[in-house]
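Asks: Contents are compact mmCIF, C-alpha atoms and all ligand atoms; file name input-v4.txt:
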# COMPACT_ATOMS: atom_id res chain seq x y z
CA MET O 181 -17.34 -26.41 11.59
CA THR O 182 -17.11 -30.19 12.13
CA GLY O 183 -17.31 -29.90 15.94
CA ARG O 184 -20.71 -28.27 16.17
CA PRO O 185 -22.87 -30.82 14.30
CA ALA O 186 -20.91 -33.63 15.95
CA VAL O 187 -22.08 -32.45 19.39
CA THR O 188 -25.75 -32.32 18.44
CA ARG O 189 -25.59 -35.69 16.73
CA THR O 190 -23.85 -37.58 19.52
CA ARG O 191 -25.79 -36.04 22.42
CA PRO O 192 -29.43 -36.14 21.34
CA GLY O 193 -30.94 -36.81 24.78
CA ARG O 194 -33.61 -34.59 26.35
CA LEU O 195 -31.31 -33.55 29.17
CA TRP O 196 -28.78 -32.24 26.68
CA GLN O 197 -31.50 -30.38 24.72
CA ALA O 198 -32.73 -28.72 27.93
CA ALA O 199 -29.20 -27.67 28.83
CA TRP O 200 -28.66 -26.30 25.32
CA LEU O 201 -31.93 -24.33 25.50
CA LEU O 202 -31.05 -22.89 28.92
CA PHE O 203 -27.61 -21.89 27.66
CA ALA O 204 -29.11 -20.31 24.55
CA LEU O 205 -31.58 -18.30 26.64
CA LEU O 206 -28.76 -17.04 28.80
CA ARG O 207 -26.53 -16.24 25.83
CA PRO O 208 -28.87 -15.31 22.95
CA GLY O 209 -26.20 -13.29 21.13
CA TRP O 210 -23.86 -16.25 21.14
CA LEU O 211 -26.53 -18.53 19.66
CA GLU O 212 -27.41 -15.97 17.00
CA ALA O 213 -23.76 -15.63 16.03
CA ARG O 214 -23.38 -19.40 15.84
CA GLU O 215 -26.48 -19.72 13.68
CA THR O 216 -25.30 -16.96 11.36
CA GLU O 217 -21.95 -18.65 11.07
CA THR O 218 -23.64 -21.98 10.35
CA ALA O 219 -25.77 -20.40 7.64
CA ALA O 220 -22.75 -18.70 6.09
CA THR O 221 -20.78 -21.94 6.17
CA ALA O 222 -23.64 -23.87 4.59
CA ALA O 223 -24.00 -21.21 1.89
CA ALA O 224 -20.29 -21.34 1.18
CA GLU O 225 -20.34 -25.11 0.99
CA ALA O 226 -23.33 -24.96 -1.33
CA ARG O 227 -21.71 -22.40 -3.65
CA PRO O 228 -20.96 -23.84 -7.04
CA GLY O 229 -17.37 -23.71 -8.18
CA CYS O 230 -15.82 -23.24 -4.76
CA PRO O 231 -12.78 -25.49 -4.67
CA PRO O 232 -11.42 -26.30 -1.19
CA ALA O 233 -8.10 -24.64 -2.06
CA SER O 234 -9.72 -21.32 -3.06
CA ALA O 235 -7.65 -19.39 -0.55
CA ALA O 236 -4.33 -20.96 -1.48
CA HIS O 237 -3.18 -18.17 -3.78
CA TRP O 238 -4.09 -15.13 -1.71
CA GLN O 239 -1.45 -13.65 0.59
CA ALA O 240 -2.85 -11.37 3.29
CA ILE O 241 -0.62 -8.27 3.46
CA VAL O 242 -2.46 -6.06 5.98
CA PRO O 243 -6.14 -6.36 6.99
CA GLY O 244 -8.21 -5.81 3.85
CA VAL O 245 -5.38 -6.21 1.33
CA TRP O 246 -4.45 -9.44 -0.48
CA LEU O 247 -1.97 -10.24 -3.22
CA TRP O 248 -1.84 -13.21 -5.60
CA PRO O 249 1.81 -13.14 -6.63
CA GLY O 250 2.93 -13.47 -10.22
CA ALA O 251 5.30 -16.29 -11.12
CA ALA O 252 8.94 -15.22 -11.39
CA GLN O 253 9.11 -16.92 -14.77
CA GLU O 254 8.78 -16.14 -18.43
CA ILE O 255 5.28 -16.53 -19.86
CA GLY O 256 4.73 -20.17 -20.81
CA PRO O 257 2.21 -23.02 -20.75
CA GLY O 258 3.33 -23.98 -17.22
CA ASN O 259 2.20 -20.69 -15.65
CA ARG O 260 -0.57 -20.03 -18.23
CA GLY O 261 0.67 -16.46 -18.53
CA GLN O 262 0.24 -15.57 -14.85
CA VAL O 263 3.48 -13.65 -14.28
CA ALA O 264 1.92 -10.44 -12.92
CA SER O 265 0.22 -10.05 -9.55
CA GLN O 266 -3.46 -9.62 -8.75
CA ILE O 267 -4.27 -7.36 -5.79
CA LEU O 268 -7.53 -7.04 -3.85
CA LEU O 269 -8.59 -4.06 -1.72
CA ARG O 270 -11.62 -4.80 0.46
CA ASP O 271 -14.40 -2.27 1.02
CA GLY O 272 -17.12 -3.95 3.10
CA ASP O 273 -18.36 -6.97 1.16
CA SER O 274 -16.94 -5.60 -2.07
CA ALA O 275 -13.43 -5.39 -3.43
CA THR O 276 -11.41 -3.48 -5.97
CA LEU O 277 -9.16 -5.72 -8.06
CA ILE O 278 -5.95 -4.33 -9.50
CA ASP O 279 -5.10 -6.30 -12.65
CA PRO O 280 -7.31 -9.28 -13.48
CA GLY O 281 -4.43 -11.24 -15.01
CA PRO O 282 -3.70 -12.76 -18.42
CA SER O 283 -6.86 -14.56 -19.52
CA LEU O 284 -10.56 -15.24 -19.22
CA ALA O 285 -9.83 -18.42 -17.26
CA HIS O 286 -7.52 -16.68 -14.80
CA GLY O 287 -9.89 -13.75 -14.34
CA ARG O 288 -12.67 -16.22 -13.49
CA LEU O 289 -10.40 -17.98 -11.00
CA VAL O 290 -9.59 -14.66 -9.34
CA ARG O 291 -13.26 -13.65 -9.23
CA GLU O 292 -14.43 -16.98 -7.81
CA SER O 293 -11.63 -17.39 -5.30
CA ALA O 294 -12.26 -13.87 -3.99
CA ARG O 295 -15.91 -14.83 -3.51
CA CYS O 296 -15.32 -18.31 -2.07
CA ALA O 297 -12.24 -17.81 0.07
CA LEU O 298 -12.62 -14.19 1.13
CA GLY O 299 -16.38 -13.60 0.79
CA LEU O 300 -15.75 -10.62 -1.50
CA THR O 301 -17.57 -9.53 -4.63
CA ILE O 302 -15.29 -7.72 -7.04
CA THR O 303 -17.12 -4.57 -8.14
CA ARG O 304 -14.23 -2.57 -9.58
CA VAL O 305 -11.28 -3.63 -11.76
CA LEU O 306 -8.34 -1.29 -12.35
CA ASP O 307 -5.96 -2.06 -15.24
CA SER O 308 -2.45 -0.99 -14.24
CA HIS O 309 -1.07 -0.64 -17.78
CA ALA O 310 -1.60 -1.91 -21.31
CA HIS O 311 0.13 -5.29 -21.20
CA ALA O 312 -1.55 -8.62 -21.92
CA GLU O 313 -0.51 -10.47 -18.76
CA ASN O 314 -2.10 -7.75 -16.62
CA VAL O 315 -5.36 -6.91 -18.36
CA LEU O 316 -6.77 -9.64 -20.61
CA GLY O 317 -8.54 -11.13 -17.57
CA ASN O 318 -10.98 -8.22 -17.99
CA ALA O 319 -12.90 -10.72 -20.14
CA ALA O 320 -14.02 -12.55 -16.97
CA PHE O 321 -15.95 -9.50 -15.83
CA ALA O 322 -17.79 -8.82 -19.07
CA ALA O 323 -21.04 -10.51 -18.16
CA PHE O 324 -21.28 -9.11 -14.66
CA ALA O 325 -23.41 -6.00 -14.46
CA GLY O 326 -22.20 -3.52 -11.92
CA VAL O 327 -18.47 -4.24 -12.31
CA ARG O 328 -16.60 -1.14 -13.42
CA LEU O 329 -13.49 -1.71 -15.53
CA GLU O 330 -11.21 1.34 -15.34
CA ALA O 331 -7.83 2.55 -16.55
CA SER O 332 -6.02 5.75 -17.40
CA PRO O 333 -6.74 7.32 -20.82
CA ALA O 334 -3.22 6.37 -22.00
CA THR O 335 -3.70 2.75 -20.90
CA LEU O 336 -7.00 2.58 -22.75
CA ALA O 337 -5.32 4.02 -25.87
CA GLY O 338 -2.48 1.49 -25.53
CA MET O 339 -4.90 -1.42 -25.17
CA ARG O 340 -6.92 -0.23 -28.14
CA ALA O 341 -3.80 -0.01 -30.27
CA ARG O 342 -1.90 -3.10 -29.14
CA CYS O 343 -4.20 -5.64 -27.49
CA PRO O 344 -5.35 -7.47 -30.62
CA GLN O 345 -1.67 -8.15 -31.24
CA CYS O 346 -0.85 -8.74 -27.57
CA LEU O 347 -3.61 -11.38 -27.33
CA ALA O 348 -2.05 -13.22 -30.27
CA SER O 349 1.40 -12.91 -28.72
CA ILE O 350 0.46 -14.22 -25.26
CA THR O 351 -1.54 -17.05 -26.86
CA GLN O 352 1.55 -18.11 -28.74
CA LYS O 353 3.65 -18.09 -25.56
CA ALA O 354 1.19 -19.50 -22.99
CA GLY O 355 -0.71 -21.81 -25.34
CA GLN O 356 -4.21 -21.81 -26.80
CA ALA O 357 -5.63 -23.80 -23.87
CA ALA O 358 -4.65 -21.09 -21.36
CA LEU O 359 -6.17 -18.28 -23.43
CA ASP O 360 -9.27 -20.15 -24.57
CA GLY O 361 -12.27 -17.81 -24.94
CA THR O 362 -10.26 -14.70 -24.02
CA THR O 363 -11.29 -11.52 -25.81
CA VAL O 364 -10.10 -7.94 -25.45
CA LEU O 365 -12.50 -6.06 -23.17
CA LEU O 366 -11.66 -2.38 -22.96
CA PRO O 367 -11.99 -0.40 -19.70
CA GLU O 368 -13.37 3.11 -19.36
CA ALA O 369 -10.74 5.83 -19.28
CA SER O 370 -11.69 7.22 -15.88
CA LEU O 371 -8.51 7.02 -13.76
CA ARG O 372 -6.54 10.21 -13.16
CA PRO O 373 -3.56 10.95 -10.91
CA GLY O 374 -4.66 12.58 -7.67
CA GLN O 375 -7.92 10.64 -7.43
CA GLN O 376 -8.57 8.85 -4.14
CA LEU O 377 -9.91 5.38 -3.53
CA ALA O 378 -11.57 4.51 -0.21
CA SER O 379 -11.22 1.02 1.28
CA ASP O 380 -11.20 -0.82 4.60
CA SER O 381 -7.40 -0.47 4.61
CA GLY O 382 -7.66 3.31 4.35
CA ARG O 383 -7.44 5.86 1.61
CA TRP O 384 -5.40 5.21 -1.52
CA GLN O 385 -3.97 7.91 -3.72
CA ILE O 386 -3.81 7.19 -7.44
CA MET O 387 -0.54 8.04 -9.20
CA GLU O 388 0.52 7.65 -12.81
CA PHE O 389 4.02 7.46 -14.35
CA ARG O 390 4.02 8.39 -18.04
CA ALA O 391 7.52 7.19 -19.02
CA ALA O 392 8.77 4.27 -16.93
CA HIS O 393 7.89 0.63 -17.77
CA SER O 394 5.25 1.79 -20.25
CA ASP O 395 3.65 5.09 -21.27
CA SER O 396 1.20 4.86 -18.35
CA ASP O 397 1.96 2.90 -15.18
CA LEU O 398 -0.63 2.99 -12.41
CA VAL O 399 0.58 3.26 -8.81
CA LEU O 400 -1.50 3.37 -5.60
CA TRP O 401 -0.13 4.79 -2.36
CA ASN O 402 -1.62 4.33 1.09
CA GLU O 403 0.21 6.76 3.38
CA GLU O 404 -1.52 5.59 6.55
CA GLN O 405 -0.36 1.99 6.03
CA ARG O 406 2.84 3.02 4.20
CA LEU O 407 1.77 0.53 1.57
CA LEU O 408 2.69 0.97 -2.08
CA ILE O 409 1.14 -0.82 -5.05
CA ALA O 410 3.27 -0.63 -8.20
CA PRO O 411 2.34 -3.66 -10.31
CA SER O 412 4.38 -2.81 -13.41
CA LEU O 413 7.38 -1.04 -11.86
CA VAL O 414 8.60 -3.57 -9.29
CA TYR O 415 9.97 -6.94 -10.33
CA GLN O 416 11.57 -9.72 -8.34
CA ASP O 417 13.81 -12.46 -9.69
CA ARG O 418 12.66 -11.56 -13.19
CA ILE O 419 14.37 -9.26 -15.70
CA PRO O 420 12.35 -6.03 -16.11
CA GLU O 421 10.74 -5.48 -19.51
CA LEU O 422 12.01 -2.29 -21.08
CA ALA O 423 10.55 -2.77 -24.57
CA GLN O 424 8.01 0.05 -24.29
CA GLY O 425 9.60 1.95 -21.46
CA SER O 426 12.26 4.49 -20.55
CA LEU O 427 15.29 3.45 -18.53
CA LEU O 428 15.88 6.94 -17.13
CA GLY O 429 12.17 7.45 -16.47
CA TRP O 430 11.88 4.10 -14.71
CA LEU O 431 14.90 4.81 -12.50
CA ALA O 432 13.46 8.20 -11.58
CA ALA O 433 10.08 6.65 -10.80
CA LEU O 434 11.65 4.06 -8.47
CA ARG O 435 13.61 6.77 -6.66
CA GLN O 436 10.45 8.85 -6.26
CA LEU O 437 8.56 5.81 -4.92
CA HIS O 438 11.40 5.00 -2.54
CA GLN O 439 11.20 8.55 -1.19
CA LEU O 440 7.63 7.86 -0.08
CA ARG O 441 9.27 5.50 2.46
CA PRO O 442 6.94 2.56 1.95
CA VAL O 443 7.07 -0.35 4.37
CA TRP O 444 5.37 -2.78 2.00
CA VAL O 445 5.70 -2.74 -1.77
CA LEU O 446 3.32 -4.81 -3.86
CA GLY O 447 4.73 -5.32 -7.33
CA GLN O 448 5.01 -8.59 -9.19
CA GLN O 449 5.26 -10.01 -5.66
CA ALA O 450 5.05 -8.54 -2.15
CA SER O 451 8.15 -7.38 -0.31
CA ARG O 452 9.19 -5.20 2.60
CA HIS O 453 11.22 -2.17 1.65
CA ALA O 454 13.95 -0.32 3.52
CA GLY O 455 16.37 1.30 1.09
CA LEU O 456 17.80 1.32 -2.40
CA SER O 457 21.15 -0.32 -1.67
CA ALA O 458 20.38 -3.11 -4.07
CA THR O 459 22.02 -6.42 -4.66
CA PRO O 460 20.40 -9.19 -6.70
CA ALA O 461 19.66 -10.96 -3.44
CA GLN O 462 17.92 -7.93 -1.91
CA THR O 463 14.55 -8.96 -0.60
CA SER O 464 12.94 -5.65 -1.57
CA GLY O 465 11.51 -5.78 -5.08
CA LEU O 466 11.83 -2.00 -5.39
CA ALA O 467 15.55 -2.13 -4.55
CA ALA O 468 16.11 -5.19 -6.75
CA SER O 469 14.46 -3.56 -9.78
CA HIS O 470 16.41 -0.36 -9.17
CA GLY O 471 19.61 -2.43 -8.83
CA TYR O 472 19.19 -4.17 -12.19
CA LEU O 473 18.21 -1.01 -14.08
CA CYS O 474 21.16 0.88 -12.55
CA ALA O 475 23.59 -1.91 -13.43
CA LEU O 476 22.20 -1.85 -16.98
CA ALA O 477 22.55 1.94 -17.29
CA GLN O 478 26.03 2.03 -15.77
CA GLY O 479 27.20 -0.86 -17.95
CA VAL O 480 26.01 0.90 -21.11
CA LEU O 481 27.56 4.25 -20.10
CA LYS O 482 30.87 2.57 -19.29
CA ALA O 483 30.89 0.80 -22.68
CA MET O 484 30.30 4.15 -24.41
CA GLU O 485 33.17 5.71 -22.51
CA LEU O 486 35.39 2.84 -23.64
CA GLY O 487 34.47 3.68 -27.23
CA ARG O 488 32.49 0.54 -27.89
CA SER O 489 29.62 0.47 -30.36
CA ALA O 490 26.00 -0.55 -30.05
CA ASN O 491 26.79 -3.70 -32.05
CA GLU O 492 28.93 -4.92 -29.17
CA ALA O 493 26.20 -4.17 -26.67
CA PRO O 494 24.71 -7.69 -26.49
CA GLU O 495 27.97 -8.81 -24.91
CA LEU O 496 27.33 -6.49 -22.01
CA ALA O 497 26.74 -9.26 -19.55
CA LEU O 498 25.54 -8.77 -15.97
CA PRO O 499 26.57 -12.03 -14.30
CA ALA O 500 24.84 -11.09 -11.04
CA TYR O 501 21.50 -11.26 -12.80
CA THR O 502 21.86 -14.39 -14.92
CA GLY O 503 19.74 -16.31 -12.41
CA TRP O 504 16.73 -14.05 -12.97
CA ALA O 505 13.96 -15.32 -15.23
CA GLY O 506 14.13 -13.82 -18.71
CA TYR O 507 17.87 -13.05 -18.65
CA ALA O 508 18.58 -15.09 -21.78
CA GLU O 509 15.42 -13.88 -23.52
CA ARG O 510 15.40 -10.20 -22.60
CA HIS O 511 18.62 -8.79 -21.20
CA GLY O 512 20.30 -8.38 -24.61
CA PHE O 513 17.24 -6.57 -25.91
CA ASN O 514 17.22 -4.32 -22.83
CA VAL O 515 20.85 -3.43 -23.53
CA GLN O 516 19.99 -2.37 -27.09
CA ARG O 517 17.06 -0.36 -25.85
CA ALA O 518 19.14 1.29 -23.10
CA TRP O 519 21.89 2.11 -25.60
CA ARG O 520 19.46 3.93 -27.91
CA GLU O 521 18.09 5.96 -25.04
CA LEU O 522 21.36 6.73 -23.25
CA GLU O 523 23.55 7.61 -26.25
CA PRO O 524 22.16 11.17 -26.74
CA HIS O 525 21.97 11.57 -22.95
CA TRP O 526 25.67 10.62 -22.63
CA MET O 527 26.73 12.82 -25.55
CA ASN O 528 25.11 15.76 -23.76
CA GLY O 529 27.16 14.98 -20.65
CA GLY O 530 24.25 13.42 -18.78
CA GLN O 531 24.82 11.05 -15.89
CA VAL O 532 22.68 8.42 -14.21
CA ASP O 533 21.89 8.83 -10.54
CA CYS O 534 22.46 5.43 -9.01
CA THR O 535 23.36 6.52 -5.51
CA ALA O 536 21.91 4.30 -2.82
CA LEU O 537 19.41 5.72 -0.35
CA ASP O 538 18.92 3.88 2.91
ZN ZN V 601 4.08 -4.68 -18.41
Turn the structure described in the file into structure tokens.
Replies:
Amino acid sequence: MTGRPAVTRTRPGRLWQAAWLLFALLRPGWLEARETETAATAAAEARPGCPPASAAHWQAIVPGVWLWPGAAQEIGPGNRGQVASQILLRDGDSATLIDPGPSLAHGRLVRESARCALGLTITRVLDSHAHAENVLGNAAFAAFAGVRLEASPATLAGMRARCPQCLASITQKAGQAALDGTTVLLPEASLRPGQQLASDSGRWQIMEFRAAHSDSDLVLWNEEQRLLIAPSLVYQDRIPELAQGSLLGWLAALRQLHQLRPVWVLGQQASRHAGLSATPAQTSGLAASHGYLCALAQGVLKAMELGRSANEAPELALPAYTGWAGYAERHGFNVQRAWRELEPHWMNGGQVDCTALD
């Protein structure tokens, strides 16, 4: 955009103007396009609150799909609670946002950077599940008429029951400054499995898992692009949160999602997916999450077979995962949770299917 005005400023002579006019007459479409671009650029430059680095956070996945990755960290003042991803699906000049993030301030940043950097107006917000770091950014869309906030009925019920407490909890962890002005804004309970969502990147199918990371985890699947969006089920370099979930249900959900054969998986971050042969260093978030949850389940089952008790469970270390964020804070709790769930399963002779699928 700096080249064009420079030419007209440095070559103001009549000869140059005549040549420009002749060229414009011969190529009217080109001139029109240039003028439209100039107007758009000027409008963008004139927009209030458009920082030059607006685009810095958005990763383009395929045309019409962007992801703002969550930090692979525990919630704290440094990341202001932004540990879950935000995902945009373009539809013309509009976009659907999946998860507005942890706060009013972050939701505003997402809204304004979508407008400034990508030229998109967010008209629809889908809450993936009822956890603070995913949905409290709803507050940024309160004053904007025409924006639909939507979730599953179970997610709405979960937010209604827990969000006053979850707002207090995330404020304590991320700090008052990060959560300043944030209020709980409830979505409408309009999302159902089997619904379709149209976008420039093709048709998305809405899925719901009722017993995995939470009691309602939203998943979107684009078969044409082989692109999977699973914000709450796929972690990377961060210990999964099992507090309100089901270990067996989560493992089954990941296996079912793997069987869709996605090429891209958008979870807490974006990753390419091939198979479930997981190691902690696996680049696929789906495989990595499956790997940790399998190691957890197998470790607990083995301890039961050795006759150990739940009181010894916190010692059930998984050295391969100590480098993941939240290991010190959450792994011991996950072990306790897994023990409670797996004990009756094991006593009934149940096994855990951890076979790799490539
Ligand atoms: Zn969650």
Asks: At a cut-off of 9 Å and counting all atoms listed in the file, what residues surround ligand ZN 601 (chain V)? Please answer as a compact mmCIF listing (two decimals) with C-alpha atoms, in the coordinates of the input.
Replies:
# COMPACT_ATOMS: atom_id res chain seq x y z
CA ALA O 264 1.92 -10.44 -12.92
CA SER O 308 -2.45 -0.99 -14.24
CA HIS O 309 -1.07 -0.64 -17.78
CA ALA O 310 -1.60 -1.91 -21.31
CA HIS O 311 0.13 -5.29 -21.20
CA ALA O 312 -1.55 -8.62 -21.92
CA GLU O 313 -0.51 -10.47 -18.76
CA ASN O 314 -2.10 -7.75 -16.62
CA HIS O 393 7.89 0.63 -17.77
CA SER O 394 5.25 1.79 -20.25
CA ASP O 397 1.96 2.90 -15.18
CA PRO O 411 2.34 -3.66 -10.31
CA SER O 412 4.38 -2.81 -13.41
CA LEU O 413 7.38 -1.04 -11.86
CA PRO O 420 12.35 -6.03 -16.11
CA GLU O 421 10.74 -5.48 -19.51
CA LEU O 422 12.01 -2.29 -21.08
CA GLN O 424 8.01 0.05 -24.29
Asks: How far is it from atom CA of O:Gly261 to atom CA of O:Val364, in Å with one decimal?
Replies: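 Between these atoms lies a distance of 15.4 Å.
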Asks: Nearest to O:Ala358 among O:Gly272, O:Pro333, O:Gly326, O:Gly256, with distances taken over all atoms listed in the file: which residue is it?
Replies: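 Distance minimum relative to O:Ala358 lands on O:Gly256.
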Asks: In Å to one decimal, how far is atom CA of O:Ala468 from atom CA of O:Arg441?
Replies: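 Value for the atom CA of O:Arg441-atom CA of O:Ala468 distance: 15.7 Å.
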Asks: Figure out the distance between atom CA of O:Asp533 and atom CA of O:Leu427, please, to one decimal in Å.
Replies: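 About the pair atom CA of O:Leu427 and atom CA of O:Asp533: they are 11.7 Å apart.
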Asks: Compile the contact shell of stretch 384-392 of chain O as a PyMOL selection string: residues with an atom at most 8 Å away, counting all atoms listed in the file, same-chain residues fewer than 3 positions apart removed.
Replies: chain O and resi 371-379+395-403+413+425-431+433
Asks: Restricted to C-alpha atoms, what would the selected residues look like written as a compact mmCIF listing (two decimals), in the frame of the given file?
Replies:
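Saved result, result09.txt, follows:
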# COMPACT_ATOMS: atom_id res chain seq x y z
CA LEU O 371 -8.51 7.02 -13.76
CA ARG O 372 -6.54 10.21 -13.16
CA PRO O 373 -3.56 10.95 -10.91
CA GLY O 374 -4.66 12.58 -7.67
CA GLN O 375 -7.92 10.64 -7.43
CA GLN O 376 -8.57 8.85 -4.14
CA LEU O 377 -9.91 5.38 -3.53
CA ALA O 378 -11.57 4.51 -0.21
CA SER O 379 -11.22 1.02 1.28
CA ASP O 395 3.65 5.09 -21.27
CA SER O 396 1.20 4.86 -18.35
CA ASP O 397 1.96 2.90 -15.18
CA LEU O 398 -0.63 2.99 -12.41
CA VAL O 399 0.58 3.26 -8.81
CA LEU O 400 -1.50 3.37 -5.60
CA TRP O 401 -0.13 4.79 -2.36
CA ASN O 402 -1.62 4.33 1.09
CA GLU O 403 0.21 6.76 3.38
CA LEU O 413 7.38 -1.04 -11.86
CA GLY O 425 9.60 1.95 -21.46
CA SER O 426 12.26 4.49 -20.55
CA LEU O 427 15.29 3.45 -18.53
CA LEU O 428 15.88 6.94 -17.13
CA GLY O 429 12.17 7.45 -16.47
CA TRP O 430 11.88 4.10 -14.71
CA LEU O 431 14.90 4.81 -12.50
CA ALA O 433 10.08 6.65 -10.80
Asks: Residues around (8.5, -5.1, 4.2), cut-off 10 Å, counting all atoms listed in the file - what are they as a PyMOL selection string?
Replies: chain O and resi 241+406-407+442-446+450-454+463-465
Asks: My list of candidates is O:Leu498, O:Val263, O:Leu365, O:Ala518. Which is closest to O:Cys343 when distances are computed with all atoms listed in the file?
Replies: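 Answer, going by the shortest atom-to-atom distance: O:Leu365.
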Asks: Output as JSON lines one row per residue of stretch 350-388 of chain O within 7 Å of stretch 280-289 of chain O: the closest atom pair and its distance in Å to one decimal place, counting only C-alpha atoms, sorted by chain and residue number ascending.
Replies:
{"residue": "O:Leu359", "atom": "CA", "partner": "O:Ser283", "partner_atom": "CA", "distance": 5.4}
{"residue": "O:Gly361", "atom": "CA", "partner": "O:Leu284", "partner_atom": "CA", "distance": 6.5}
{"residue": "O:Thr362", "atom": "CA", "partner": "O:Leu284", "partner_atom": "CA", "distance": 4.8}
Asks: Counting only C-alpha atoms, which residues sit no farther than 10 Å from the position (6.7, -10.8, -12.0) in the file's frame? I'd like them as a list in words.
Replies: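 Residues with an atom close enough to that point: Pro249, Gly250, Ala251, Ala252, Gln253, Glu254, Ile255, Gln262, Val263, Ala264, Ser265, Glu313, Pro411, Ser412, Leu413, Val414, Tyr415, Gln416, Asp417, Arg418, Ile419, Pro420, Gly447, Gln448, Gln449, Gly465 and Ala505 of chain O.
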Asks: Measuring between all atoms listed in the file, which one of O:Leu496, O:Ala490, O:Val515, O:Ala483 shows the shortest distance to O:Ala423?
Replies: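 For O:Ala423, the nearest of the candidates is O:Val515.
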Asks: If we count only C-alpha atoms, what is near O:Leu329 at a cut-off of 7 Å, once residues fewer than 5 positions away on the same chain are taken out, given as a compact mmCIF listing (two decimals) with C-alpha atoms, in the frame of the given file?
Replies:
# COMPACT_ATOMS: atom_id res chain seq x y z
CA ARG O 304 -14.23 -2.57 -9.58
CA VAL O 305 -11.28 -3.63 -11.76
CA LEU O 306 -8.34 -1.29 -12.35
CA PRO O 367 -11.99 -0.40 -19.70
CA GLU O 368 -13.37 3.11 -19.36
Asks: Given all atoms listed in the file as the basis, pick out the residue of O:Gly299, O:Gly487, O:Gly355, O:Gly479 nearest to O:Gln516.
Replies: O:Gly479
Asks: With all atoms listed in the file as the basis for distance, which of O:Lys482, O:Pro257, O:Ala369, O:Ala432 is at the shortest distance from O:Ala354?
Replies: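 Of all the options, O:Pro257 lies closest to O:Ala354.
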Asks: What box, with edges along x, y and z, holds each listed atom of stretch 492-502 of chain O when 5 Å is added on every side, and can you state its centre and edge lengths in Å to one decimal, as lines of an AutoDock Vina configuration file?
Replies:
center_x = 25.2
center_y = -9.3
center_z = -20.1
size_x = 17.4
size_y = 20.2
size_z = 28.1
Asks: Using only C-alpha atoms, which protein or nucleic acid residues come within 12 Å of O:Gly530? Drop anything in the same chain fewer than 3 positions from it, and give the result as an NGL selection string.
Replies: :O and (428 or 477-478 or 481 or 521-527 or 533)
Asks: My list of candidates is O:Val327, O:Leu336, O:Arg270, O:Ser370. Which is closest to O:Pro243 when distances are computed with only C-alpha atoms?
Replies: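 Residue with the minimum atom-to-atom distance to O:Pro243: O:Arg270.
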